[in-house]
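A.B. asks: Below is one structure. I have some questions about it.
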Protein chains: 2
Amino acid sequence: MNDPSSSCDVGQQAGPIAAGSRVLRLGPDFRWQGVPLAEYKQAAEHWSGITRTSLAGEVGESTGFHVRYFEIAPGGFSSHEQHAHEHVVIVFRGRGQVQLGETVQDLEFGDVVYVAPHEVHQFRNPFAEPFGFLCIVDAKRDRPTVIHPV
Amino acid sequence: MNDPSSSCDVGQQAGPIAAGSRVLRLGPDFRWQGVPLAEYKQAAEHWSGITRTSLAGEVGESTGFHVRYFEIAPGGFSSHEQHAHEHVVIVFRGRGQVQLGETVQDLEFGDVVYVAPHEVHQFRNPFAEPFGFLCIVDAKRDRPTVIHPV
């Protein structure tokens, strides 16, 4: 329930930016100007090579959702996990893979992934360039369960 | 309150796709495969040249948010409007402009716009190529008020 140790909230918090309307500029190397880069979640063995950028919903807004940008380095992967809350993922940079249940699919720019409640899933980057995607979740959400270490 | 005549819900509804996890593939010309294109809202004098694609939240999901892709043709513009609900916009194709209050700013790929509650705003495309952006809103939201025709 928006637990600070959930996969979505762990790591360095973005500092407050402003409560009013604003534009966040995309700078070089897919870094947004003035927006801190955070670790994906607390260090563990079940994920590798991921950064997280909080773009909206966690710095003073009152939206019922959070918008984050994740980037997986070549060879990296997210936790193989499940939870009741849904993910909406939109590929923004490079390409990668998603495992939904037992099925692995390649992903390219603009592909949209909907992860249904309780679906076991994992994002991976077996390619040579960074794999970046937007991930939108409800602000109030349950904590993920890691299915097994990779 | 998610009124069907709000700017976010008017127009042709996307048909149901599937309740389970899924990947929506981006095809040529920024059209997602199997996802219908809709009009921005019911025809009126205060907007021009906009299409809307519903990517998540309106076809069987239970997310507390909706994810839509809007595209504004060269010379087009959205309603000059305000509402209590917040917008999070991420530029995805081409470039355009946003007016927030009295300020007009150019937007390029990856720029993130947060429209605060009750901020008067408008998106415009004065450029030669299509201007496309993702727009995320709470599923439950109030109806916009058009400030004045352009």
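Naming works like this for the structure tokens: A, B, ... for the chains as they're shown, residue 1 at the start of each chain, ligands 1 onward in shown order.
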Using only C-alpha atoms, determine which residues lie at most 7 Å from Ala116 of chain A, disregarding the query and same-chain residues fewer than 6 positions distant; provide the list as a ChimeraX atom specification.
C.D. replies: /A:86 /B:20-21
A.B. asks: Could you dump the residues just selected with C-alpha atoms as a compact mmCIF listing (two decimals), in the first residue's frame?
C.D. replies:
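And here is the file that came out, again24.txt:
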# COMPACT_ATOMS: atom_id res chain seq x y z
CA GLU A 86 -1.07 -3.11 -12.73
CA GLY B 20 -5.05 -9.94 -19.38
CA SER B 21 -1.48 -8.81 -19.83
A.B. asks: With only C-alpha atoms counted and 8 Å as the cut-off, give the residues of chain B in contact with chain A, each with its shortest interatomic distance in Å and the pair that gives it, as CSV.
C.D. replies:
residue,atom,partner,partner_atom,distance
B:Ala19,CA,A:Ala116,CA,7.5
B:Gly20,CA,A:Ala116,CA,5.4
B:Ser21,CA,A:Val115,CA,4.6
B:Arg22,CA,A:Tyr114,CA,5.2
B:Val23,CA,A:Val113,CA,4.4
B:Leu24,CA,A:Val112,CA,4.8
B:Arg25,CA,A:Asp111,CA,4.7
B:Leu26,CA,A:Asp111,CA,5.1
B:Trp32,CA,A:Asp111,CA,7.9
B:Leu55,CA,A:Val112,CA,7.5
B:Ala56,CA,A:Val88,CA,7.1
B:Glu61,CA,A:Ala116,CA,7.7
B:Ser62,CA,A:Glu86,CA,7.9
B:Thr63,CA,A:Glu86,CA,6.6
B:Gly64,CA,A:Asp138,CA,6.1
B:Phe65,CA,A:Phe65,CA,6.6
B:His85,CA,A:Thr63,CA,7.9
B:Glu86,CA,A:Thr63,CA,6.6
B:Val88,CA,A:Ala56,CA,7.1
B:Leu100,CA,A:Ser21,CA,7.1
B:Phe109,CA,A:Leu26,CA,7.4
B:Gly110,CA,A:Leu26,CA,5.3
B:Asp111,CA,A:Arg25,CA,4.7
B:Val112,CA,A:Leu24,CA,4.9
B:Val113,CA,A:Val23,CA,4.4
B:Tyr114,CA,A:Ser21,CA,5.1
B:Val115,CA,A:Ser21,CA,4.6
B:Ala116,CA,A:Ser21,CA,4.7
B:Glu119,CA,A:Ser21,CA,7.2
B:Val137,CA,A:Thr63,CA,7.7
B:Asp138,CA,A:Gly64,CA,6.1
A.B. asks: For the residues selected in the previous step, produce a file with N, CA and C atoms as an mmCIF file, in the first residue's frame.
C.D. replies:
data_model
loop_
_atom_site.group_PDB
_atom_site.id
_atom_site.type_symbol
_atom_site.label_atom_id
_atom_site.label_comp_id
_atom_site.auth_asym_id
_atom_site.auth_seq_id
_atom_site.Cartn_x
_atom_site.Cartn_y
_atom_site.Cartn_z
ATOM 1 N N ALA B 19 -8.533 -8.539 -21.168
ATOM 2 C CA ALA B 19 -8.367 -8.134 -19.788
ATOM 3 C C ALA B 19 -6.987 -8.503 -19.263
ATOM 4 N N GLY B 20 -6.334 -9.466 -19.879
ATOM 5 C CA GLY B 20 -5.049 -9.945 -19.381
ATOM 6 C C GLY B 20 -3.883 -9.083 -19.825
ATOM 7 N N SER B 21 -2.702 -9.504 -19.403
ATOM 8 C CA SER B 21 -1.485 -8.811 -19.827
ATOM 9 C C SER B 21 -1.390 -8.837 -21.345
ATOM 10 N N ARG B 22 -0.743 -7.812 -21.901
ATOM 11 C CA ARG B 22 -0.646 -7.748 -23.361
ATOM 12 C C ARG B 22 0.431 -6.760 -23.763
ATOM 13 N N VAL B 23 0.843 -6.892 -25.014
ATOM 14 C CA VAL B 23 1.766 -5.944 -25.627
ATOM 15 C C VAL B 23 1.053 -5.332 -26.822
ATOM 16 N N LEU B 24 1.011 -4.028 -26.880
ATOM 17 C CA LEU B 24 0.462 -3.319 -28.041
ATOM 18 C C LEU B 24 1.644 -2.851 -28.875
ATOM 19 N N ARG B 25 1.706 -3.315 -30.123
ATOM 20 C CA ARG B 25 2.839 -2.998 -30.986
ATOM 21 C C ARG B 25 2.636 -1.675 -31.693
ATOM 22 N N LEU B 26 3.682 -0.856 -31.656
ATOM 23 C CA LEU B 26 3.658 0.377 -32.435
ATOM 24 C C LEU B 26 3.927 0.044 -33.891
ATOM 25 N N TRP B 32 -0.893 2.224 -33.249
ATOM 26 C CA TRP B 32 -0.708 0.963 -32.534
ATOM 27 C C TRP B 32 -1.606 -0.098 -33.157
ATOM 28 N N LEU B 55 -4.575 3.969 -24.962
ATOM 29 C CA LEU B 55 -3.575 2.898 -24.843
ATOM 30 C C LEU B 55 -3.777 2.015 -23.618
ATOM 31 N N ALA B 56 -4.324 2.560 -22.555
ATOM 32 C CA ALA B 56 -4.522 1.750 -21.348
ATOM 33 C C ALA B 56 -5.499 2.446 -20.407
ATOM 34 N N GLU B 61 -9.084 -2.653 -18.053
ATOM 35 C CA GLU B 61 -8.147 -2.619 -16.931
ATOM 36 C C GLU B 61 -8.819 -1.987 -15.707
ATOM 37 N N SER B 62 -8.186 -2.127 -14.565
ATOM 38 C CA SER B 62 -8.732 -1.516 -13.354
ATOM 39 C C SER B 62 -7.803 -0.442 -12.800
ATOM 40 N N THR B 63 -6.940 0.084 -13.632
ATOM 41 C CA THR B 63 -6.049 1.163 -13.188
ATOM 42 C C THR B 63 -6.856 2.393 -12.795
ATOM 43 N N GLY B 64 -6.303 3.170 -11.903
ATOM 44 C CA GLY B 64 -6.935 4.425 -11.510
ATOM 45 C C GLY B 64 -6.577 5.561 -12.454
ATOM 46 N N PHE B 65 -5.947 5.239 -13.584
ATOM 47 C CA PHE B 65 -5.512 6.259 -14.547
ATOM 48 C C PHE B 65 -5.772 5.774 -15.971
ATOM 49 N N HIS B 85 -8.598 18.406 -12.575
ATOM 50 C CA HIS B 85 -7.673 17.268 -12.661
ATOM 51 C C HIS B 85 -6.358 17.668 -13.326
ATOM 52 N N GLU B 86 -5.337 16.894 -13.022
ATOM 53 C CA GLU B 86 -3.995 17.187 -13.505
ATOM 54 C C GLU B 86 -3.707 16.400 -14.787
ATOM 55 N N VAL B 88 -0.423 14.811 -17.041
ATOM 56 C CA VAL B 88 1.004 14.575 -17.241
ATOM 57 C C VAL B 88 1.185 14.218 -18.712
ATOM 58 N N LEU B 100 0.825 27.469 -20.722
ATOM 59 C CA LEU B 100 0.467 27.270 -19.312
ATOM 60 C C LEU B 100 0.225 28.647 -18.729
ATOM 61 N N PHE B 109 10.855 16.084 -28.160
ATOM 62 C CA PHE B 109 10.799 14.693 -27.732
ATOM 63 C C PHE B 109 11.286 14.524 -26.280
ATOM 64 N N GLY B 110 10.466 13.882 -25.489
ATOM 65 C CA GLY B 110 10.856 13.536 -24.127
ATOM 66 C C GLY B 110 10.523 14.583 -23.084
ATOM 67 N N ASP B 111 10.209 15.795 -23.505
ATOM 68 C CA ASP B 111 9.848 16.815 -22.516
ATOM 69 C C ASP B 111 8.568 16.383 -21.800
ATOM 70 N N VAL B 112 8.527 16.664 -20.495
ATOM 71 C CA VAL B 112 7.399 16.260 -19.653
ATOM 72 C C VAL B 112 6.687 17.510 -19.164
ATOM 73 N N VAL B 113 5.408 17.584 -19.402
ATOM 74 C CA VAL B 113 4.605 18.727 -18.950
ATOM 75 C C VAL B 113 3.676 18.261 -17.841
ATOM 76 N N TYR B 114 3.727 18.957 -16.728
ATOM 77 C CA TYR B 114 2.760 18.742 -15.654
ATOM 78 C C TYR B 114 1.818 19.936 -15.645
ATOM 79 N N VAL B 115 0.534 19.685 -15.844
ATOM 80 C CA VAL B 115 -0.468 20.750 -15.808
ATOM 81 C C VAL B 115 -1.174 20.650 -14.459
ATOM 82 N N ALA B 116 -0.968 21.654 -13.642
ATOM 83 C CA ALA B 116 -1.489 21.665 -12.277
ATOM 84 C C ALA B 116 -3.007 21.902 -12.285
ATOM 85 N N GLU B 119 -5.014 25.040 -13.917
ATOM 86 C CA GLU B 119 -4.155 25.821 -14.812
ATOM 87 C C GLU B 119 -4.824 25.891 -16.190
ATOM 88 N N VAL B 137 -3.977 10.770 -17.197
ATOM 89 C CA VAL B 137 -4.925 11.455 -16.303
ATOM 90 C C VAL B 137 -5.542 10.439 -15.348
ATOM 91 N N ASP B 138 -6.041 10.940 -14.239
ATOM 92 C CA ASP B 138 -6.815 10.087 -13.349
ATOM 93 C C ASP B 138 -8.077 9.613 -14.074
#
A.B. asks: Find the residues around Ala128 of chain A up to 12 Å (only C-alpha atoms counted), leave out those fewer than 2 positions away in its own chain, and share them as a list in words.
C.D. replies: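 Surrounding residues, per the criterion: Ile72, Ala73, Pro74, Gly75, Gly76, Gly94, Arg95, Gly96, Arg124, Asn125, Pro126, Pro130 and Phe131 of chain A.
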A.B. asks: Quick one: distance from atom CA of Pro28 of chain B to atom CA of Arg93 of chain B in Å, one decimal?
C.D. replies: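 For atom CA of Pro28 of chain B relative to atom CA of Arg93 of chain B, the distance reads 12.7 Å.
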A.B. asks: Report as a ChimeraX atom specification all protein, DNA and RNA residues lying within 6 Å of Gln99 of chain A, evaluated on only C-alpha atoms, omitting residues in the same chain fewer than 2 positions from it.
C.D. replies: /A:103-104,121-122
A.B. asks: Using the selection just defined, write its residues with C-alpha atoms as a PDB file, in the first residue's frame.
C.D. replies:
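Writing the result to result.pdb gives the following:
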ATOM      1  CA  THR A 103       6.083 -15.920 -22.563  1.00  0.00           C
ATOM      2  CA  VAL A 104       9.028 -13.703 -23.507  1.00  0.00           C
ATOM      3  CA  HIS A 121       6.712 -10.555 -15.058  1.00  0.00           C
ATOM      4  CA  GLN A 122      10.245  -9.388 -15.708  1.00  0.00           C
TER       5      GLN A 122
END
